[in-house]
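Remarks on the structure that follows.
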Amino acid sequence: MLKKIAIEDLKMGMYITEFCGSWMEHPFWRTRFLLTHAKDLERIQTSSIKAVWIDCDRGLDVDGAVPSVSRDEEDARVASQLEQAAQIGSHLQPASMEEELVRARKILHLSRHAVAEMFSEARMGNAVDMSVAWNVVDQLSHSIARNPIALISLSRLKQADEYTYMHSVAVSAMMMALARELQCSEGMVMEAGVAGLMHDLGKAVIPLEILNKPGKLTDQEFAIMKAHPVKGGEMLRSQGIAEDSITFDVCIHHHEKVDSSGYPDGLTGDRISMLAKMGAVCDVYDAITSNRPYKMGWDPAISIQKMMSWAGGHFDQRIFQAFVKTLGIYPVGSLVRLSSGKLAIVTEQSEGSLLKPIVRTFYSVNRARKISPVVMDLSRPGCDESIIQREDPRDWGLTDVHALCFGDVLND
Ligand SMILES: [Fe+2]
Ligand SMILES: [Fe+2]
């Protein structure tokens, strides 16, 4: 039986199943656990949380009469909450890039901790709290609904040691934006987000020296690494996640390729689900554009160009095209050369055309010197500038393109 109790009545030995109130204010990323540490009790009591749900069958009961609900009633309540969360996405007001970047940065910060904790629980052999995954996806989905590009653009920026967590968040965000582009229902958008978040769960049991190795993996290490989809599937199965669920499917099959050269099952395109194909595109894009311990990530526009050349054998064409439509041919953060000979960084997609984004110029190639930055919308009528080519930041000695693109947001 589950009971909602005031925080003053919470004591050691109780089993918490949910914190009431905004997820953003929770002192823990786990939401279901037996309260065994006095420090944890203190953290909850000093937080802004006013009430929690406890499970009296798995821990101590509360003194005095408190109404209880059955597990079925509770399941129905959670299901309706999730349904409401899925509905919200379709009603959110669009936000400008500038507005959403500020919010996206906070959401990413919180999500990073949640996913790090999820992976560390999984690494210790503990069950992963799926309600945490849904909460993270709920927050990410709101940002994606307001402005799909802001959060995706920021989620590409990672420190080397946080790659696995932030990669999961980035893939989750891209899966949701892509699902929206493909006209999926709001419920499906959320499912795609959870699947993206959990797709590399199996990496939690890959030895850290292989996972974070600063160099090329040996054949033997690569074989161990390639086991992560199957390992992830085993972990999900042991937690009661159905094998016919989207999360399970994407976890197992995000490394399949439509020409059957992928793993673990070498499936042909017609046997790979749409969601797993979406997972493959988002996974590769984030992997190649992110900085890793052993190499700098590729420029976003160069990455799209490379992926286009692999698309026939690797990706489903229709899904890849929808992905490009979502992110742009020159995604935010790409370095480009303009017809006037200026170098510019793409800061935003325009309404007008995938080929004419909003850019910030910062360098004149002709004069071989920095210039005062000017933001220009290349799709604006009368704009006589156009992109003439993609540029590799490494050729220009640029190691921190992000600062040029998001300087104001990253510094505040
Ligand atoms: Fe993977
Ligand atoms: Fe991945």
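In the structure tokens, each chain is lettered A, B, ... as it comes, each chain's residues begin at 1, and ligands are numbered from 1 in order of appearance.
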Near-Gly233 of chain A list (9 Å; only C-alpha atoms; drop same-chain fewer than 6 positions) as a list in words: Leu201, Gly202, Ile241, Glu243, Phe248, Asp249, Cys251 and Ile252 of chain A
Any residue with an atom at most 10 Å from ligand 1 counts, using only C-alpha atoms and all ligand atoms. Which are they? Put them as a ChimeraX atom specification. /A:164,167-168,198-203,225-229,232,250-255,279-280,283-284,287
Go ahead and write the selection's residues with N, CA and C atoms as a PDB file, in the first residue's frame.
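Output saved as again-v7.pdb:
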```pdb
ATOM      1  N   THR A 164      29.629   9.762 -21.973  1.00  0.00           N
ATOM      2  CA  THR A 164      28.569   8.740 -22.005  1.00  0.00           C
ATOM      3  C   THR A 164      27.223   9.299 -21.542  1.00  0.00           C
ATOM      4  N   HIS A 167      26.047  12.139 -23.985  1.00  0.00           N
ATOM      5  CA  HIS A 167      25.673  11.516 -25.258  1.00  0.00           C
ATOM      6  C   HIS A 167      24.247  10.956 -25.150  1.00  0.00           C
ATOM      7  N   SER A 168      23.924  10.335 -24.032  1.00  0.00           N
ATOM      8  CA  SER A 168      22.577   9.779 -23.843  1.00  0.00           C
ATOM      9  C   SER A 168      21.537  10.897 -23.878  1.00  0.00           C
ATOM     10  N   MET A 198      18.126   5.761 -22.879  1.00  0.00           N
ATOM     11  CA  MET A 198      18.566   4.457 -22.376  1.00  0.00           C
ATOM     12  C   MET A 198      19.373   3.661 -23.404  1.00  0.00           C
ATOM     13  N   HIS A 199      19.584   4.209 -24.613  1.00  0.00           N
ATOM     14  CA  HIS A 199      20.110   3.356 -25.689  1.00  0.00           C
ATOM     15  C   HIS A 199      21.488   2.764 -25.378  1.00  0.00           C
ATOM     16  N   ASP A 200      22.316   3.477 -24.633  1.00  0.00           N
ATOM     17  CA  ASP A 200      23.661   2.965 -24.318  1.00  0.00           C
ATOM     18  C   ASP A 200      23.779   2.489 -22.881  1.00  0.00           C
ATOM     19  N   LEU A 201      22.648   2.091 -22.282  1.00  0.00           N
ATOM     20  CA  LEU A 201      22.680   1.628 -20.888  1.00  0.00           C
ATOM     21  C   LEU A 201      23.720   0.522 -20.710  1.00  0.00           C
ATOM     22  N   GLY A 202      23.869  -0.322 -21.728  1.00  0.00           N
ATOM     23  CA  GLY A 202      24.826  -1.435 -21.640  1.00  0.00           C
ATOM     24  C   GLY A 202      26.253  -0.964 -21.433  1.00  0.00           C
ATOM     25  N   LYS A 203      26.543   0.302 -21.756  1.00  0.00           N
ATOM     26  CA  LYS A 203      27.910   0.803 -21.552  1.00  0.00           C
ATOM     27  C   LYS A 203      28.243   0.912 -20.065  1.00  0.00           C
ATOM     28  N   MET A 225      33.401  -3.829 -26.360  1.00  0.00           N
ATOM     29  CA  MET A 225      32.567  -2.629 -26.535  1.00  0.00           C
ATOM     30  C   MET A 225      31.308  -2.950 -27.357  1.00  0.00           C
ATOM     31  N   LYS A 226      31.495  -3.767 -28.379  1.00  0.00           N
ATOM     32  CA  LYS A 226      30.355  -4.078 -29.264  1.00  0.00           C
ATOM     33  C   LYS A 226      29.262  -4.901 -28.572  1.00  0.00           C
ATOM     34  N   ALA A 227      29.579  -5.390 -27.378  1.00  0.00           N
ATOM     35  CA  ALA A 227      28.573  -6.179 -26.651  1.00  0.00           C
ATOM     36  C   ALA A 227      27.566  -5.277 -25.937  1.00  0.00           C
ATOM     37  N   HIS A 228      27.796  -3.929 -25.965  1.00  0.00           N
ATOM     38  CA  HIS A 228      26.952  -3.084 -25.109  1.00  0.00           C
ATOM     39  C   HIS A 228      25.462  -3.092 -25.470  1.00  0.00           C
ATOM     40  N   PRO A 229      25.075  -3.233 -26.765  1.00  0.00           N
ATOM     41  CA  PRO A 229      23.625  -3.296 -27.007  1.00  0.00           C
ATOM     42  C   PRO A 229      22.973  -4.521 -26.354  1.00  0.00           C
ATOM     43  N   GLY A 232      22.902  -4.123 -22.617  1.00  0.00           N
ATOM     44  CA  GLY A 232      21.839  -3.187 -22.258  1.00  0.00           C
ATOM     45  C   GLY A 232      20.483  -3.881 -22.293  1.00  0.00           C
ATOM     46  N   VAL A 250      15.390  -0.062 -29.387  1.00  0.00           N
ATOM     47  CA  VAL A 250      16.432   0.925 -29.727  1.00  0.00           C
ATOM     48  C   VAL A 250      17.751   0.580 -29.019  1.00  0.00           C
ATOM     49  N   CYS A 251      17.643   0.096 -27.788  1.00  0.00           N
ATOM     50  CA  CYS A 251      18.833  -0.281 -27.028  1.00  0.00           C
ATOM     51  C   CYS A 251      19.590  -1.395 -27.759  1.00  0.00           C
ATOM     52  N   ILE A 252      18.876  -2.383 -28.225  1.00  0.00           N
ATOM     53  CA  ILE A 252      19.521  -3.537 -28.891  1.00  0.00           C
ATOM     54  C   ILE A 252      19.972  -3.193 -30.308  1.00  0.00           C
ATOM     55  N   HIS A 253      19.190  -2.394 -31.037  1.00  0.00           N
ATOM     56  CA  HIS A 253      19.414  -2.285 -32.484  1.00  0.00           C
ATOM     57  C   HIS A 253      19.904  -0.933 -33.019  1.00  0.00           C
ATOM     58  N   HIS A 254      20.415  -0.054 -32.132  1.00  0.00           N
ATOM     59  CA  HIS A 254      20.840   1.254 -32.656  1.00  0.00           C
ATOM     60  C   HIS A 254      22.155   1.187 -33.432  1.00  0.00           C
ATOM     61  N   HIS A 255      22.838   0.048 -33.417  1.00  0.00           N
ATOM     62  CA  HIS A 255      24.068  -0.083 -34.227  1.00  0.00           C
ATOM     63  C   HIS A 255      23.859  -0.946 -35.463  1.00  0.00           C
ATOM     64  N   GLY A 279      17.424   6.015 -34.041  1.00  0.00           N
ATOM     65  CA  GLY A 279      18.486   5.934 -33.034  1.00  0.00           C
ATOM     66  C   GLY A 279      19.855   5.906 -33.697  1.00  0.00           C
ATOM     67  N   ALA A 280      19.976   5.156 -34.796  1.00  0.00           N
ATOM     68  CA  ALA A 280      21.270   5.026 -35.496  1.00  0.00           C
ATOM     69  C   ALA A 280      21.747   6.388 -36.001  1.00  0.00           C
ATOM     70  N   ASP A 283      22.593   8.742 -32.986  1.00  0.00           N
ATOM     71  CA  ASP A 283      23.773   8.218 -32.290  1.00  0.00           C
ATOM     72  C   ASP A 283      25.055   8.587 -33.037  1.00  0.00           C
ATOM     73  N   VAL A 284      25.069   8.358 -34.345  1.00  0.00           N
ATOM     74  CA  VAL A 284      26.283   8.623 -35.129  1.00  0.00           C
ATOM     75  C   VAL A 284      26.583  10.127 -35.154  1.00  0.00           C
ATOM     76  N   ALA A 287      28.028  11.156 -31.897  1.00  0.00           N
ATOM     77  CA  ALA A 287      29.348  10.550 -31.665  1.00  0.00           C
ATOM     78  C   ALA A 287      30.430  11.275 -32.466  1.00  0.00           C
TER      79      ALA A 287
END
```
Quick one: residues within 7 Å of Val365 of chain A, only C-alpha atoms counted, chain neighbours fewer than 4 positions away excluded, as a PyMOL selection string? chain A and resi 341-343+369
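Atom CA of Trp396 of chain A sits 10.9 Å away from atom CA of Ala368 of chain A.
Nearest residue to ligand 2 among A:Ser245, A:Ser340, A:Ser372, A:Ser290 is A:Ser290, counting only C-alpha atoms and all ligand atoms.
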Spatial neighbours of segment 150-157 of chain A, max dist 9 Å, only C-alpha atoms, sep filter under 3 positions, as number ranges by chain: A: 96-105, 107-108, 140, 143-144, 147, 166-167, 169-171, 173-174, 177, 286, 289-291, 327, 331-333, 348, 402, 406
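Going from atom CA of Asn135 of chain A over to atom CA of Met274 of chain A, you cover 24.1 Å.
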Give the alpha helix (DSSP H) residues of segment 297-370 of chain A, as assigned by DSSP on the backbone, as a PyMOL selection string. chain A and resi 300-314+317-327
For the residues selected in the previous step, produce a file with N, CA and C atoms as a compact mmCIF listing (two decimals), in the first residue's frame.
```
# COMPACT_ATOMS: atom_id res chain seq x y z
N PRO A 300 29.86 20.35 -37.35
CA PRO A 300 28.52 19.81 -37.62
C PRO A 300 28.18 19.71 -39.11
N ALA A 301 28.51 20.76 -39.89
CA ALA A 301 28.15 20.72 -41.32
C ALA A 301 28.97 19.67 -42.07
N ILE A 302 30.23 19.54 -41.68
CA ILE A 302 31.08 18.51 -42.30
C ILE A 302 30.54 17.12 -41.92
N SER A 303 30.06 17.00 -40.69
CA SER A 303 29.50 15.72 -40.24
C SER A 303 28.26 15.35 -41.04
N ILE A 304 27.38 16.33 -41.27
CA ILE A 304 26.18 16.07 -42.07
C ILE A 304 26.58 15.64 -43.48
N GLN A 305 27.58 16.32 -44.03
CA GLN A 305 28.05 15.99 -45.38
C GLN A 305 28.60 14.55 -45.43
N LYS A 306 29.39 14.18 -44.41
CA LYS A 306 29.95 12.82 -44.37
C LYS A 306 28.82 11.80 -44.23
N MET A 307 27.88 12.10 -43.33
CA MET A 307 26.78 11.15 -43.11
C MET A 307 25.95 10.98 -44.37
N MET A 308 25.83 12.07 -45.13
CA MET A 308 25.09 12.01 -46.40
C MET A 308 25.77 11.00 -47.34
N SER A 309 27.10 11.00 -47.31
CA SER A 309 27.82 10.09 -48.20
C SER A 309 27.72 8.64 -47.73
N TRP A 310 27.42 8.43 -46.44
CA TRP A 310 27.27 7.06 -45.94
C TRP A 310 25.81 6.63 -45.98
N ALA A 311 24.92 7.58 -46.22
CA ALA A 311 23.49 7.33 -45.97
C ALA A 311 22.97 6.08 -46.66
N GLY A 312 23.41 5.82 -47.90
CA GLY A 312 22.89 4.68 -48.65
C GLY A 312 23.01 3.37 -47.90
N GLY A 313 24.19 3.10 -47.35
CA GLY A 313 24.39 1.81 -46.70
C GLY A 313 24.13 1.82 -45.22
N HIS A 314 24.28 2.99 -44.64
CA HIS A 314 24.26 3.05 -43.19
C HIS A 314 22.87 3.39 -42.64
N GLN A 317 17.22 6.42 -45.76
CA GLN A 317 17.27 7.72 -46.47
C GLN A 317 16.20 8.69 -45.98
N ARG A 318 14.98 8.18 -45.82
CA ARG A 318 13.87 9.08 -45.43
C ARG A 318 14.13 9.65 -44.03
N ILE A 319 14.61 8.80 -43.15
CA ILE A 319 14.86 9.26 -41.79
C ILE A 319 16.05 10.22 -41.77
N PHE A 320 17.06 9.94 -42.56
CA PHE A 320 18.21 10.84 -42.60
C PHE A 320 17.80 12.21 -43.14
N GLN A 321 16.95 12.20 -44.17
CA GLN A 321 16.49 13.49 -44.72
C GLN A 321 15.70 14.29 -43.67
N ALA A 322 14.87 13.58 -42.92
CA ALA A 322 14.10 14.27 -41.87
C ALA A 322 15.05 14.83 -40.81
N PHE A 323 16.11 14.10 -40.54
CA PHE A 323 17.11 14.54 -39.57
C PHE A 323 17.78 15.84 -40.04
N VAL A 324 18.14 15.87 -41.33
CA VAL A 324 18.78 17.08 -41.89
C VAL A 324 17.79 18.25 -41.84
N LYS A 325 16.53 17.95 -42.09
CA LYS A 325 15.51 19.00 -42.03
C LYS A 325 15.39 19.55 -40.60
N THR A 326 15.59 18.69 -39.63
CA THR A 326 15.49 19.11 -38.23
C THR A 326 16.67 19.98 -37.82
N LEU A 327 17.88 19.53 -38.18
CA LEU A 327 19.09 20.23 -37.71
C LEU A 327 19.62 21.26 -38.68
```
